[in-house]
file protein.cif (mmCIF, C-alpha atoms and all ligand atoms)
data_entry
#
loop_
_atom_site.group_PDB
_atom_site.id
_atom_site.type_symbol
_atom_site.label_atom_id
_atom_site.label_comp_id
_atom_site.auth_asym_id
_atom_site.auth_seq_id
_atom_site.Cartn_x
_atom_site.Cartn_y
_atom_site.Cartn_z
ATOM 1 C CA MET A 1 59.201 66.717 5.944
ATOM 2 C CA SER A 2 57.789 63.784 4.016
ATOM 3 C CA GLU A 3 60.764 63.893 1.592
ATOM 4 C CA ASP A 4 63.086 63.785 4.550
ATOM 5 C CA LEU A 5 61.214 60.761 5.917
ATOM 6 C CA VAL A 6 61.425 59.014 2.563
ATOM 7 C CA GLU A 7 65.177 59.613 2.419
ATOM 8 C CA GLN A 8 65.695 58.336 5.946
ATOM 9 C CA ILE A 9 63.653 55.229 5.181
ATOM 10 C CA ALA A 10 65.661 54.645 1.980
ATOM 11 C CA LYS A 11 68.940 54.961 3.906
ATOM 12 C CA LEU A 12 67.814 52.488 6.575
ATOM 13 C CA ARG A 13 66.538 50.123 3.921
ATOM 14 C CA ARG A 14 70.051 49.934 2.463
ATOM 15 C CA GLU A 15 71.752 49.601 5.849
ATOM 16 C CA LEU A 16 69.405 46.835 7.032
ATOM 17 C CA ASN A 17 69.150 45.059 3.678
ATOM 18 C CA ALA A 18 65.404 45.468 4.110
ATOM 19 C CA ILE A 19 62.500 45.151 1.732
ATOM 20 C CA ILE A 20 59.289 47.137 2.217
ATOM 21 C CA LEU A 21 56.086 45.370 1.163
ATOM 22 C CA ALA A 22 52.803 47.281 1.059
ATOM 23 C CA HIS A 23 49.271 46.050 0.531
ATOM 24 C CA ASN A 24 47.132 47.750 -2.121
ATOM 25 C CA TYR A 25 44.956 49.258 0.668
ATOM 26 C CA GLN A 26 47.798 51.195 2.293
ATOM 27 C CA ARG A 27 48.022 54.985 2.360
ATOM 28 C CA PRO A 28 49.363 56.471 -0.921
ATOM 29 C CA GLU A 29 52.629 57.692 0.603
ATOM 30 C CA VAL A 30 53.270 54.263 2.158
ATOM 31 C CA GLN A 31 52.617 52.525 -1.174
ATOM 32 C CA ASP A 32 55.039 54.968 -2.815
ATOM 33 C CA VAL A 33 57.876 54.181 -0.420
ATOM 34 C CA ALA A 34 57.440 50.403 -0.803
ATOM 35 C CA ASP A 35 59.566 48.125 -2.981
ATOM 36 C CA TYR A 36 56.510 46.064 -3.872
ATOM 37 C CA THR A 37 52.797 46.740 -3.636
ATOM 38 C CA GLY A 38 50.298 43.965 -4.163
ATOM 39 C CA ASP A 39 47.513 41.767 -2.840
ATOM 40 C CA SER A 40 47.989 39.115 -0.159
ATOM 41 C CA LEU A 41 48.978 36.403 -2.637
ATOM 42 C CA GLU A 42 51.482 38.577 -4.514
ATOM 43 C CA LEU A 43 53.030 39.818 -1.264
ATOM 44 C CA SER A 44 53.295 36.353 0.266
ATOM 45 C CA ARG A 45 55.045 35.102 -2.890
ATOM 46 C CA LYS A 46 57.444 38.043 -2.655
ATOM 47 C CA ALA A 47 58.068 37.366 1.054
ATOM 48 C CA ALA A 48 58.873 33.732 0.220
ATOM 49 C CA THR A 49 61.473 34.554 -2.411
ATOM 50 C CA THR A 50 63.197 37.742 -1.265
ATOM 51 C CA ASP A 51 66.852 37.653 -0.174
ATOM 52 C CA ALA A 52 66.438 40.670 2.106
ATOM 53 C CA ASP A 53 67.253 40.182 5.807
ATOM 54 C CA VAL A 54 64.389 42.330 7.051
ATOM 55 C CA ILE A 55 60.820 42.478 5.750
ATOM 56 C CA VAL A 56 58.913 45.628 6.691
ATOM 57 C CA PHE A 57 55.290 44.689 6.194
ATOM 58 C CA CYS A 58 52.908 47.577 5.617
ATOM 59 C CA GLY A 59 49.590 45.836 5.992
ATOM 60 C CA VAL A 60 47.797 44.112 8.851
ATOM 61 C CA HIS A 61 48.949 41.529 11.359
ATOM 62 C CA PHE A 62 47.983 38.308 9.546
ATOM 63 C CA MET A 63 49.896 39.447 6.435
ATOM 64 C CA ALA A 64 53.100 40.040 8.391
ATOM 65 C CA GLU A 65 52.551 36.692 10.128
ATOM 66 C CA THR A 66 52.247 34.976 6.738
ATOM 67 C CA ALA A 67 55.588 36.502 5.727
ATOM 68 C CA LYS A 68 57.133 35.130 8.942
ATOM 69 C CA ILE A 69 55.584 31.695 8.349
ATOM 70 C CA LEU A 70 57.299 31.626 4.948
ATOM 71 C CA SER A 71 60.586 33.225 5.975
ATOM 72 C CA PRO A 72 61.295 32.349 9.634
ATOM 73 C CA GLU A 73 64.972 33.289 9.396
ATOM 74 C CA LYS A 74 64.116 36.871 8.471
ATOM 75 C CA THR A 75 63.127 39.695 10.769
ATOM 76 C CA VAL A 76 59.557 40.697 9.969
ATOM 77 C CA LEU A 77 58.431 44.102 11.200
ATOM 78 C CA LEU A 78 54.840 45.347 11.353
ATOM 79 C CA PRO A 79 55.143 49.135 11.896
ATOM 80 C CA ASP A 80 51.981 49.256 14.051
ATOM 81 C CA GLU A 81 51.256 46.202 16.169
ATOM 82 C CA GLU A 82 47.644 47.351 16.588
ATOM 83 C CA ALA A 83 47.030 46.941 12.845
ATOM 84 C CA GLY A 84 44.865 43.844 13.030
ATOM 85 C CA CYS A 85 42.073 42.451 10.891
ATOM 86 C CA PRO A 86 38.655 42.169 12.576
ATOM 87 C CA MET A 87 37.695 39.374 10.182
ATOM 88 C CA ALA A 88 40.775 37.324 11.121
ATOM 89 C CA ASP A 89 39.800 37.751 14.791
ATOM 90 C CA MET A 90 36.347 36.251 14.151
ATOM 91 C CA ILE A 91 37.657 32.708 14.592
ATOM 92 C CA THR A 92 40.119 31.278 17.100
ATOM 93 C CA ALA A 93 42.118 28.049 16.847
ATOM 94 C CA ASP A 94 39.929 26.501 19.592
ATOM 95 C CA GLN A 95 36.724 27.399 17.782
ATOM 96 C CA LEU A 96 38.111 25.882 14.606
ATOM 97 C CA GLU A 97 39.034 22.611 16.369
ATOM 98 C CA GLN A 98 35.550 22.402 17.839
ATOM 99 C CA GLU A 99 33.891 23.064 14.474
ATOM 100 C CA LYS A 100 36.018 20.396 12.777
ATOM 101 C CA THR A 101 34.591 17.707 15.069
ATOM 102 C CA LYS A 102 31.147 18.249 13.473
ATOM 103 C CA TYR A 103 32.291 17.104 10.016
ATOM 104 C CA PRO A 104 34.268 13.838 9.965
ATOM 105 C CA GLY A 105 36.932 13.777 7.235
ATOM 106 C CA VAL A 106 36.619 17.529 6.753
ATOM 107 C CA GLN A 107 39.136 19.553 4.750
ATOM 108 C CA VAL A 108 39.570 23.059 6.128
ATOM 109 C CA VAL A 109 40.194 25.873 3.658
ATOM 110 C CA CYS A 110 41.261 29.018 5.459
ATOM 111 C CA TYR A 111 41.348 32.428 3.902
ATOM 112 C CA VAL A 112 44.780 33.978 4.399
ATOM 113 C CA ASN A 113 42.987 36.585 6.548
ATOM 114 C CA SER A 114 43.385 34.376 9.629
ATOM 115 C CA SER A 115 45.854 33.952 12.474
ATOM 116 C CA ALA A 116 48.860 31.618 12.238
ATOM 117 C CA ALA A 117 47.156 29.359 14.811
ATOM 118 C CA VAL A 118 44.044 29.046 12.619
ATOM 119 C CA LYS A 119 46.204 28.354 9.564
ATOM 120 C CA ALA A 120 47.971 25.652 11.611
ATOM 121 C CA GLY A 121 44.621 23.922 12.134
ATOM 122 C CA SER A 122 43.729 24.124 8.436
ATOM 123 C CA ASP A 123 44.550 21.910 5.463
ATOM 124 C CA ILE A 124 45.054 24.585 2.849
ATOM 125 C CA CYS A 125 45.122 28.324 2.706
ATOM 126 C CA CYS A 126 43.644 30.553 -0.009
ATOM 127 C CA THR A 127 43.479 34.199 -0.960
ATOM 128 C CA SER A 128 40.714 36.076 -2.745
ATOM 129 C CA ALA A 129 42.755 35.613 -5.947
ATOM 130 C CA ASN A 130 42.788 31.809 -5.839
ATOM 131 C CA ALA A 131 39.905 30.708 -3.560
ATOM 132 C CA VAL A 132 37.954 29.083 -6.418
ATOM 133 C CA GLN A 133 41.026 27.211 -7.674
ATOM 134 C CA VAL A 134 41.858 26.001 -4.143
ATOM 135 C CA VAL A 135 38.322 24.733 -3.515
ATOM 136 C CA GLN A 136 38.297 22.966 -6.901
ATOM 137 C CA ALA A 137 41.524 21.172 -6.001
ATOM 138 C CA ILE A 138 39.949 19.383 -3.008
ATOM 139 C CA ASP A 139 38.708 15.790 -3.357
ATOM 140 C CA ARG A 140 35.034 15.767 -4.338
ATOM 141 C CA ASP A 141 34.195 13.204 -1.657
ATOM 142 C CA ARG A 142 35.561 15.264 1.264
ATOM 143 C CA PRO A 143 33.406 17.775 3.166
ATOM 144 C CA ILE A 144 34.856 21.309 3.189
ATOM 145 C CA LEU A 145 34.807 23.869 5.972
ATOM 146 C CA PHE A 146 35.692 27.395 4.804
ATOM 147 C CA VAL A 147 36.886 29.946 7.392
ATOM 148 C CA PRO A 148 36.612 32.761 8.352
ATOM 149 C CA ASP A 149 34.949 34.774 5.548
ATOM 150 C CA GLN A 150 31.434 33.540 4.761
ATOM 151 C CA TYR A 151 31.183 35.806 1.712
ATOM 152 C CA LEU A 152 34.407 34.770 0.012
ATOM 153 C CA GLY A 153 33.398 31.192 0.919
ATOM 154 C CA HIS A 154 29.975 31.673 -0.638
ATOM 155 C CA TYR A 155 31.544 33.140 -3.776
ATOM 156 C CA ALA A 156 34.044 30.243 -4.093
ATOM 157 C CA MET A 157 31.318 27.683 -3.367
ATOM 158 C CA ARG A 158 29.209 28.923 -6.260
ATOM 159 C CA ARG A 159 32.059 29.374 -8.731
ATOM 160 C CA ALA A 160 33.611 25.992 -7.909
ATOM 161 C CA ASP A 161 30.200 24.310 -7.709
ATOM 162 C CA ARG A 162 31.010 22.688 -4.336
ATOM 163 C CA GLU A 163 28.979 22.495 -1.152
ATOM 164 C CA MET A 164 30.859 23.928 1.825
ATOM 165 C CA GLN A 165 30.287 24.735 5.482
ATOM 166 C CA LEU A 166 30.902 28.460 5.937
ATOM 167 C CA TRP A 167 32.138 30.071 9.143
ATOM 168 C CA PRO A 168 30.069 33.251 9.710
ATOM 169 C CA GLY A 169 32.939 35.792 9.566
ATOM 170 C CA TYR A 170 32.946 38.888 7.387
ATOM 171 C CA CYS A 171 34.945 42.000 6.580
ATOM 172 C CA PRO A 172 33.406 45.069 8.272
ATOM 173 C CA THR A 173 34.811 47.313 5.527
ATOM 174 C CA HIS A 174 33.356 45.387 2.582
ATOM 175 C CA MET A 175 30.063 45.007 4.491
ATOM 176 C CA LYS A 176 29.646 48.756 4.076
ATOM 177 C CA ILE A 177 29.266 48.328 0.318
ATOM 178 C CA GLY A 178 25.571 47.843 -0.412
ATOM 179 C CA ILE A 179 23.478 46.931 -3.428
ATOM 180 C CA LYS A 180 22.143 50.503 -3.572
ATOM 181 C CA ASP A 181 25.695 51.756 -4.107
ATOM 182 C CA VAL A 182 25.944 49.553 -7.207
ATOM 183 C CA PHE A 183 22.589 50.789 -8.573
ATOM 184 C CA ARG A 184 23.392 54.453 -7.910
ATOM 185 C CA LYS A 185 26.736 54.271 -9.639
ATOM 186 C CA ARG A 186 25.330 52.328 -12.609
ATOM 187 C CA GLU A 187 22.703 55.027 -13.060
ATOM 188 C CA ARG A 188 25.305 57.780 -12.946
ATOM 189 C CA TYR A 189 27.905 55.989 -15.133
ATOM 190 C CA PRO A 190 25.883 53.684 -17.424
ATOM 191 C CA GLU A 191 28.894 52.825 -19.629
ATOM 192 C CA ALA A 192 31.209 51.895 -16.784
ATOM 193 C CA LYS A 193 32.001 48.358 -15.612
ATOM 194 C CA VAL A 194 31.550 47.598 -11.907
ATOM 195 C CA LEU A 195 34.370 45.637 -10.234
ATOM 196 C CA VAL A 196 33.930 44.439 -6.651
ATOM 197 C CA HIS A 197 35.963 42.359 -4.240
ATOM 198 C CA PRO A 198 34.729 38.829 -3.390
ATOM 199 C CA GLU A 199 34.578 39.839 0.298
ATOM 200 C CA CYS A 200 31.437 41.802 -0.666
ATOM 201 C CA ARG A 201 27.981 40.410 0.024
ATOM 202 C CA PRO A 202 26.489 38.033 -2.580
ATOM 203 C CA ASP A 203 23.849 40.532 -3.799
ATOM 204 C CA VAL A 204 26.593 43.085 -4.463
ATOM 205 C CA ILE A 205 28.701 40.492 -6.307
ATOM 206 C CA ASP A 206 25.696 39.457 -8.399
ATOM 207 C CA ALA A 207 24.975 43.058 -9.382
ATOM 208 C CA ALA A 208 28.607 43.722 -10.392
ATOM 209 C CA ASP A 209 30.332 42.850 -13.667
ATOM 210 C CA GLU A 210 33.296 41.120 -12.028
ATOM 211 C CA ALA A 211 34.386 40.013 -8.551
ATOM 212 C CA LEU A 212 38.186 40.239 -8.386
ATOM 213 C CA SER A 213 41.025 40.363 -5.871
ATOM 214 C CA THR A 214 42.842 43.705 -5.710
ATOM 215 C CA GLY A 215 45.568 42.267 -7.962
ATOM 216 C CA GLY A 216 42.849 41.139 -10.364
ATOM 217 C CA ILE A 217 41.284 44.625 -10.381
ATOM 218 C CA ILE A 218 44.649 46.161 -11.258
ATOM 219 C CA ARG A 219 45.205 43.693 -14.117
ATOM 220 C CA TYR A 220 41.655 44.233 -15.394
ATOM 221 C CA ALA A 221 42.205 48.030 -15.464
ATOM 222 C CA ARG A 222 45.407 47.630 -17.498
ATOM 223 C CA SER A 223 43.575 46.159 -20.457
ATOM 224 C CA TYR A 224 40.283 48.050 -20.020
ATOM 225 C CA GLN A 225 39.129 49.823 -23.168
ATOM 226 C CA GLY A 226 36.408 51.994 -21.568
ATOM 227 C CA SER A 227 36.835 55.355 -19.868
ATOM 228 C CA THR A 228 35.395 54.733 -16.377
ATOM 229 C CA LEU A 229 35.563 51.902 -13.843
ATOM 230 C CA ILE A 230 33.494 51.672 -10.653
ATOM 231 C CA ILE A 231 35.632 50.173 -7.900
ATOM 232 C CA GLY A 232 33.976 48.261 -5.071
ATOM 233 C CA THR A 233 36.698 47.597 -2.545
ATOM 234 C CA GLU A 234 38.824 49.465 0.008
ATOM 235 C CA THR A 235 39.560 52.901 -1.418
ATOM 236 C CA GLY A 236 43.354 52.640 -0.981
ATOM 237 C CA ILE A 237 43.508 50.766 -4.275
ATOM 238 C CA LEU A 238 42.544 53.928 -6.183
ATOM 239 C CA HIS A 239 46.031 55.330 -5.676
ATOM 240 C CA ARG A 240 47.717 52.464 -7.484
ATOM 241 C CA LEU A 241 45.078 52.375 -10.215
ATOM 242 C CA ASN A 242 45.506 56.092 -10.909
ATOM 243 C CA LYS A 243 49.274 55.803 -10.845
ATOM 244 C CA GLU A 244 49.536 52.820 -13.179
ATOM 245 C CA ASN A 245 46.770 53.572 -15.617
ATOM 246 C CA PRO A 246 45.678 57.222 -15.398
ATOM 247 C CA ALA A 247 43.809 57.132 -18.723
ATOM 248 C CA VAL A 248 40.833 55.498 -16.949
ATOM 249 C CA GLU A 249 38.632 57.346 -14.453
ATOM 250 C CA TYR A 250 38.171 55.307 -11.266
ATOM 251 C CA VAL A 251 35.083 55.960 -9.181
ATOM 252 C CA PRO A 252 34.818 54.441 -5.684
ATOM 253 C CA ILE A 253 31.498 52.680 -5.331
ATOM 254 C CA THR A 254 31.218 54.337 -1.924
ATOM 255 C CA LYS A 255 33.596 56.458 0.122
ATOM 256 C CA ARG A 256 32.636 54.377 3.169
ATOM 257 C CA GLY A 257 34.875 51.521 1.989
ATOM 258 C CA LEU A 258 37.812 52.411 4.185
ATOM 259 C CA CYS A 259 39.672 49.990 6.465
ATOM 260 C CA PRO A 260 40.909 51.858 9.556
ATOM 261 C CA ASN A 261 43.383 49.083 10.331
ATOM 262 C CA MET A 262 45.080 49.337 6.959
ATOM 263 C CA LYS A 263 45.422 53.084 7.481
ATOM 264 C CA ARG A 264 47.256 52.710 10.790
ATOM 265 C CA ILE A 265 50.606 52.438 9.027
ATOM 266 C CA THR A 266 52.196 55.832 8.359
ATOM 267 C CA LEU A 267 55.616 56.854 7.042
ATOM 268 C CA GLU A 268 56.575 57.975 10.551
ATOM 269 C CA LYS A 269 55.757 54.519 11.908
ATOM 270 C CA VAL A 270 57.697 52.822 9.101
ATOM 271 C CA LEU A 271 60.753 54.903 9.969
ATOM 272 C CA TRP A 272 60.355 54.349 13.700
ATOM 273 C CA SER A 273 59.907 50.612 13.239
ATOM 274 C CA MET A 274 63.046 50.314 11.091
ATOM 275 C CA THR A 275 65.007 52.377 13.588
ATOM 276 C CA ALA A 276 63.839 50.519 16.698
ATOM 277 C CA MET A 277 63.602 47.133 14.873
ATOM 278 C CA ARG A 278 60.205 46.480 16.367
ATOM 279 C CA PRO A 279 57.458 45.346 16.636
ATOM 280 C CA LYS A 280 58.822 42.009 15.440
ATOM 281 C CA ILE A 281 56.500 39.205 14.433
ATOM 282 C CA GLU A 282 57.191 35.987 16.361
ATOM 283 C CA ILE A 283 55.346 32.688 15.970
ATOM 284 C CA PRO A 284 55.897 29.556 18.088
ATOM 285 C CA GLU A 285 57.813 27.108 15.862
ATOM 286 C CA GLU A 286 55.315 24.262 16.240
ATOM 287 C CA ILE A 287 52.456 26.510 15.028
ATOM 288 C CA ARG A 288 54.584 28.015 12.276
ATOM 289 C CA ARG A 289 55.517 24.614 10.849
ATOM 290 C CA ARG A 290 51.900 23.460 10.702
ATOM 291 C CA ALA A 291 50.720 26.790 9.256
ATOM 292 C CA LEU A 292 53.491 26.599 6.652
ATOM 293 C CA LYS A 293 52.061 23.337 5.296
ATOM 294 C CA ALA A 294 48.697 25.020 4.605
ATOM 295 C CA VAL A 295 50.346 28.060 2.978
ATOM 296 C CA GLN A 296 52.773 25.977 0.897
ATOM 297 C CA ARG A 297 50.004 23.724 -0.314
ATOM 298 C CA MET A 298 48.289 26.849 -1.654
ATOM 299 C CA LEU A 299 51.471 28.263 -3.231
ATOM 300 C CA ARG A 300 52.108 24.952 -5.010
ATOM 301 C CA LEU A 301 48.783 25.175 -6.859
HETATM 302 S S1 LIG A 401 39.749 45.357 4.572
HETATM 303 FE FE1 LIG A 401 38.568 43.871 5.784
HETATM 304 S S2 LIG A 401 39.611 41.929 5.526
HETATM 305 FE FE2 LIG A 401 41.033 43.550 4.854
HETATM 306 S S3 LIG A 401 42.248 44.006 6.695
HETATM 307 FE FE3 LIG A 401 40.527 45.461 6.661
HETATM 308 S S4 LIG A 401 38.957 44.420 7.931
HETATM 309 FE FE4 LIG A 401 40.454 42.847 7.378
#
call {"tool": "encode", "arguments": {"input": "protein.cif", "output": "structure tokens", "more": "lines below"}}
Ligand code: SF4
result
Amino acid sequence: MSEDLVEQIAKLRRELNAIILAHNYQRPEVQDVADYTGDSLELSRKAATTDADVIVFCGVHFMAETAKILSPEKTVLLPDEEAGCPMADMITADQLEQEKTKYPGVQVVCYVNSSAAVKAGSDICCTSANAVQVVQAIDRDRPILFVPDQYLGHYAMRRADREMQLWPGYCPTHMKIGIKDVFRKRERYPEAKVLVHPECRPDVIDAADEALSTGGIIRYARSYQGSTLIIGTETGILHRLNKENPAVEYVPITKRGLCPNMKRITLEKVLWSMTAMRPKIEIPEEIRRRALKAVQRMLRL
């Protein structure tokens, strides 16, 4: 059945001149059917440069929106329109405008996990892979407001040695990773390195060996000389790690680190979406143009 689905998807991909992009947190079978798997930064770069006519985005809503911001002439499909990101929904464009009035001359750095309308109200975008670099690139004499993830903001603030105002958003999935999970796994695997995502809480980041984006975790694993790695992020990444570098044993820091929104995309929905050519991502042009400036400023760095 699944083979049949894969074949049908491959056939449609050729007919539509489509490209399938999948985030590292997607289900294994969805990652396997994709042309490219990566983190938000890698996928947005791919979306900006592809010559496909249709982008099938296997991820959550803000990721598909970012692809549309970069490639407005292409059809961007999100196989389940309910696949949202609770963190991105923690700030609206109106709330952002109101917050900006508190800090004259403020520069807004928005994590890519935000709506197109919030990006449109921001000066520069960032991902977990480049947040520190983005913050460092901002004039030292300008106040910075970081939205919506307080923990990525806190991480970037410390690494870049800059004061910032942090919007109190968070990722409900990474919140489930606790300091006790780090201690338990260190006790059980004393030789292993602990890698966590910068969306984790500061105490978890401090107790880990490295805080890395999912792309960073995959690169770290490629050159790792040890036998075991403890992985502190959404468990979907384990599939790609095992596939690319099976010599290392990967242990999830907790099995609770699962994002239900990322798991909404299934092969059946990918096929249905490519057949019906919906749900399509649409963004009002005025918002898209302003959001594009913030995304392009990040990509230029
Ligand atoms: S893992 Fe967290 S930040 Fe990523 S899509 Fe899920 S809820 Fe949003």
call {"tool": "atom_distance", "arguments": {"input": "protein.cif", "atom1": "CA of Val6 (chain A)", "atom2": "CA of Ala34 (chain A)"}}
result
10.1 Å
call {"tool": "closest_residue", "arguments": {"input": "protein.cif", "among": "A:Val134, A:Ile237, A:Ile253, A:Ala207", "to": "ligand LIG 401 (chain A)", "atoms": "only C-alpha atoms and all ligand atoms"}}
result
A:Ile237
call {"tool": "residues_near_ligand", "arguments": {"input": "protein.cif", "ligand": "ligand LIG 401 (chain A)", "cutoff": "7 Å", "atoms": "all atoms listed in the file", "output": "ChimeraX atom specification"}}
result
/A:60,84-88,113,171-174,234,259,261-262
call {"tool": "resolve_selection", "arguments": {"input": "protein.cif", "expression": "the PyMOL selection byres (((chain A and resi 137-148) around 6) and not hetatm)", "output": "list in words"}}
result
Val106, Gln107, Val108, Val109, Cys110, Val134, Val135, Gln136, Asp149, Gly153, Met164, Gln165, Leu166, Trp167 and Gly169 of chain A
call {"tool": "write_last_selection", "arguments": {"input": "protein.cif", "atoms": "C-alpha atoms", "output": "PDB file, in the frame of the given file"}}
result
ATOM      1  CA  VAL A 106      36.619  17.529   6.753  1.00  0.00           C
ATOM      2  CA  GLN A 107      39.136  19.553   4.750  1.00  0.00           C
ATOM      3  CA  VAL A 108      39.570  23.059   6.128  1.00  0.00           C
ATOM      4  CA  VAL A 109      40.194  25.873   3.658  1.00  0.00           C
ATOM      5  CA  CYS A 110      41.261  29.018   5.459  1.00  0.00           C
ATOM      6  CA  VAL A 134      41.858  26.001  -4.143  1.00  0.00           C
ATOM      7  CA  VAL A 135      38.322  24.733  -3.515  1.00  0.00           C
ATOM      8  CA  GLN A 136      38.297  22.966  -6.901  1.00  0.00           C
ATOM      9  CA  ASP A 149      34.949  34.774   5.548  1.00  0.00           C
ATOM     10  CA  GLY A 153      33.398  31.192   0.919  1.00  0.00           C
ATOM     11  CA  MET A 164      30.859  23.928   1.825  1.00  0.00           C
ATOM     12  CA  GLN A 165      30.287  24.735   5.482  1.00  0.00           C
ATOM     13  CA  LEU A 166      30.902  28.460   5.937  1.00  0.00           C
ATOM     14  CA  TRP A 167      32.138  30.071   9.143  1.00  0.00           C
ATOM     15  CA  GLY A 169      32.939  35.792   9.566  1.00  0.00           C
TER      16      GLY A 169
END
call {"tool": "atom_distance", "arguments": {"input": "protein.cif", "atom1": "CA of Val76 (chain A)", "atom2": "CA of Gly215 (chain A)"}}
result
22.8 Å
call {"tool": "resolve_selection", "arguments": {"input": "protein.cif", "expression": "the PyMOL selection byres (((chain A and resi 298) around 9) and not hetatm)", "output": "PDB file with C-alpha atoms, in the frame of the given file"}}
result
ATOM      1  CA  ILE A 124      45.054  24.585   2.849  1.00  0.00           C
ATOM      2  CA  CYS A 125      45.122  28.324   2.706  1.00  0.00           C
ATOM      3  CA  CYS A 126      43.644  30.553  -0.009  1.00  0.00           C
ATOM      4  CA  THR A 127      43.479  34.199  -0.960  1.00  0.00           C
ATOM      5  CA  ASN A 130      42.788  31.809  -5.839  1.00  0.00           C
ATOM      6  CA  VAL A 134      41.858  26.001  -4.143  1.00  0.00           C
ATOM      7  CA  LYS A 293      52.061  23.337   5.296  1.00  0.00           C
ATOM      8  CA  ALA A 294      48.697  25.020   4.605  1.00  0.00           C
ATOM      9  CA  VAL A 295      50.346  28.060   2.978  1.00  0.00           C
ATOM     10  CA  GLN A 296      52.773  25.977   0.897  1.00  0.00           C
ATOM     11  CA  ARG A 297      50.004  23.724  -0.314  1.00  0.00           C
ATOM     12  CA  LEU A 299      51.471  28.263  -3.231  1.00  0.00           C
ATOM     13  CA  ARG A 300      52.108  24.952  -5.010  1.00  0.00           C
ATOM     14  CA  LEU A 301      48.783  25.175  -6.859  1.00  0.00           C
TER      15      LEU A 301
END
call {"tool": "residues_around", "arguments": {"input": "protein.cif", "residues": "Gly226 (chain A)", "least_positions_apart": "5", "cutoff": "9 Å", "atoms": "only C-alpha atoms", "output": "list in words"}}
result
Glu191, Ala192, Lys193 and Val248 of chain A
call {"tool": "atom_distance", "arguments": {"input": "protein.cif", "atom1": "CA of Val118 (chain A)", "atom2": "CA of Leu41 (chain A)"}}
result
17.6 Å
call {"tool": "resolve_selection", "arguments": {"input": "protein.cif", "expression": "the PyMOL selection byres (((chain A and resi 68) around 10) and not hetatm)", "output": "list in words"}}
result
Ser44, Ala47, Ala48, Ile55, Phe62, Met63, Ala64, Glu65, Thr66, Ala67, Ile69, Leu70, Ser71, Pro72, Glu73, Lys74, Thr75, Val76, Leu77, Ala116, Lys280, Ile281, Glu282, Ile283, Arg288 and Leu292 of chain A
call {"tool": "residues_around", "arguments": {"input": "protein.cif", "residues": "region 8-21 of chain A", "least_positions_apart": "3", "cutoff": "7 Å", "atoms": "only C-alpha atoms", "output": "list in words"}}
result
Asp4, Leu5, Ala34, Asp35, Tyr36, Thr37, Leu43, Ala52, Asp53, Val54, Ile55, Val56, Phe57, Cys58, Leu271 and Met274 of chain A
call {"tool": "write_last_selection", "arguments": {"input": "protein.cif", "atoms": "C-alpha atoms", "output": "PDB file, in the frame of the given file"}}
result
ATOM      1  CA  ASP A   4      63.086  63.785   4.550  1.00  0.00           C
ATOM      2  CA  LEU A   5      61.214  60.761   5.917  1.00  0.00           C
ATOM      3  CA  ALA A  34      57.440  50.403  -0.803  1.00  0.00           C
ATOM      4  CA  ASP A  35      59.566  48.125  -2.981  1.00  0.00           C
ATOM      5  CA  TYR A  36      56.510  46.064  -3.872  1.00  0.00           C
ATOM      6  CA  THR A  37      52.797  46.740  -3.636  1.00  0.00           C
ATOM      7  CA  LEU A  43      53.030  39.818  -1.264  1.00  0.00           C
ATOM      8  CA  ALA A  52      66.438  40.670   2.106  1.00  0.00           C
ATOM      9  CA  ASP A  53      67.253  40.182   5.807  1.00  0.00           C
ATOM     10  CA  VAL A  54      64.389  42.330   7.051  1.00  0.00           C
ATOM     11  CA  ILE A  55      60.820  42.478   5.750  1.00  0.00           C
ATOM     12  CA  VAL A  56      58.913  45.628   6.691  1.00  0.00           C
ATOM     13  CA  PHE A  57      55.290  44.689   6.194  1.00  0.00           C
ATOM     14  CA  CYS A  58      52.908  47.577   5.617  1.00  0.00           C
ATOM     15  CA  LEU A 271      60.753  54.903   9.969  1.00  0.00           C
ATOM     16  CA  MET A 274      63.046  50.314  11.091  1.00  0.00           C
TER      17      MET A 274
END
call {"tool": "closest_residue", "arguments": {"input": "protein.cif", "among": "A:Asp39, A:Asp51, A:Asp80, A:Asp209", "to": "Arg186 (chain A)", "atoms": "all atoms listed in the file"}}
result
A:Asp209
call {"tool": "closest_residue", "arguments": {"input": "protein.cif", "among": "A:Pro246, A:Pro168, A:Gly257, A:Pro202", "to": "Ser227 (chain A)", "atoms": "all atoms listed in the file"}}
result
A:Pro246
call {"tool": "residues_around", "arguments": {"input": "protein.cif", "residues": "Arg201 (chain A)", "least_positions_apart": "3", "cutoff": "8 Å", "atoms": "all atoms listed in the file", "output": "CSV table (one decimal) with C-alpha atoms, in the frame of the given file"}}
result
chain,number,residue,atom,x,y,z
A,151,TYR,CA,31.2,35.8,1.7
A,174,HIS,CA,33.4,45.4,2.6
A,175,MET,CA,30.1,45.0,4.5
A,178,GLY,CA,25.6,47.8,-0.4
A,198,PRO,CA,34.7,38.8,-3.4
A,204,VAL,CA,26.6,43.1,-4.5
A,205,ILE,CA,28.7,40.5,-6.3
call {"tool": "closest_residue", "arguments": {"input": "protein.cif", "among": "A:Val270, A:Met277, A:Leu258, A:Ile287", "to": "Val30 (chain A)", "atoms": "all atoms listed in the file"}}
result
A:Val270
call {"tool": "residues_around", "arguments": {"input": "protein.cif", "residues": "Ala211 (chain A)", "least_positions_apart": "4", "cutoff": "12 Å", "atoms": "all atoms listed in the file", "output": "PyMOL selection string"}}
result
chain A and resi 128-129+131-132+151-152+155-156+159+193-207+215-217+220+230-233
call {"tool": "closest_residue", "arguments": {"input": "protein.cif", "among": "A:Leu241, A:Ile177, A:Leu267, A:Met90", "to": "Glu3 (chain A)", "atoms": "all atoms listed in the file"}}
result
A:Leu267
call {"tool": "closest_residue", "arguments": {"input": "protein.cif", "among": "A:Val251, A:Ser213, A:Thr235, A:Gly121", "to": "Val182 (chain A)", "atoms": "only C-alpha atoms"}}
result
A:Val251
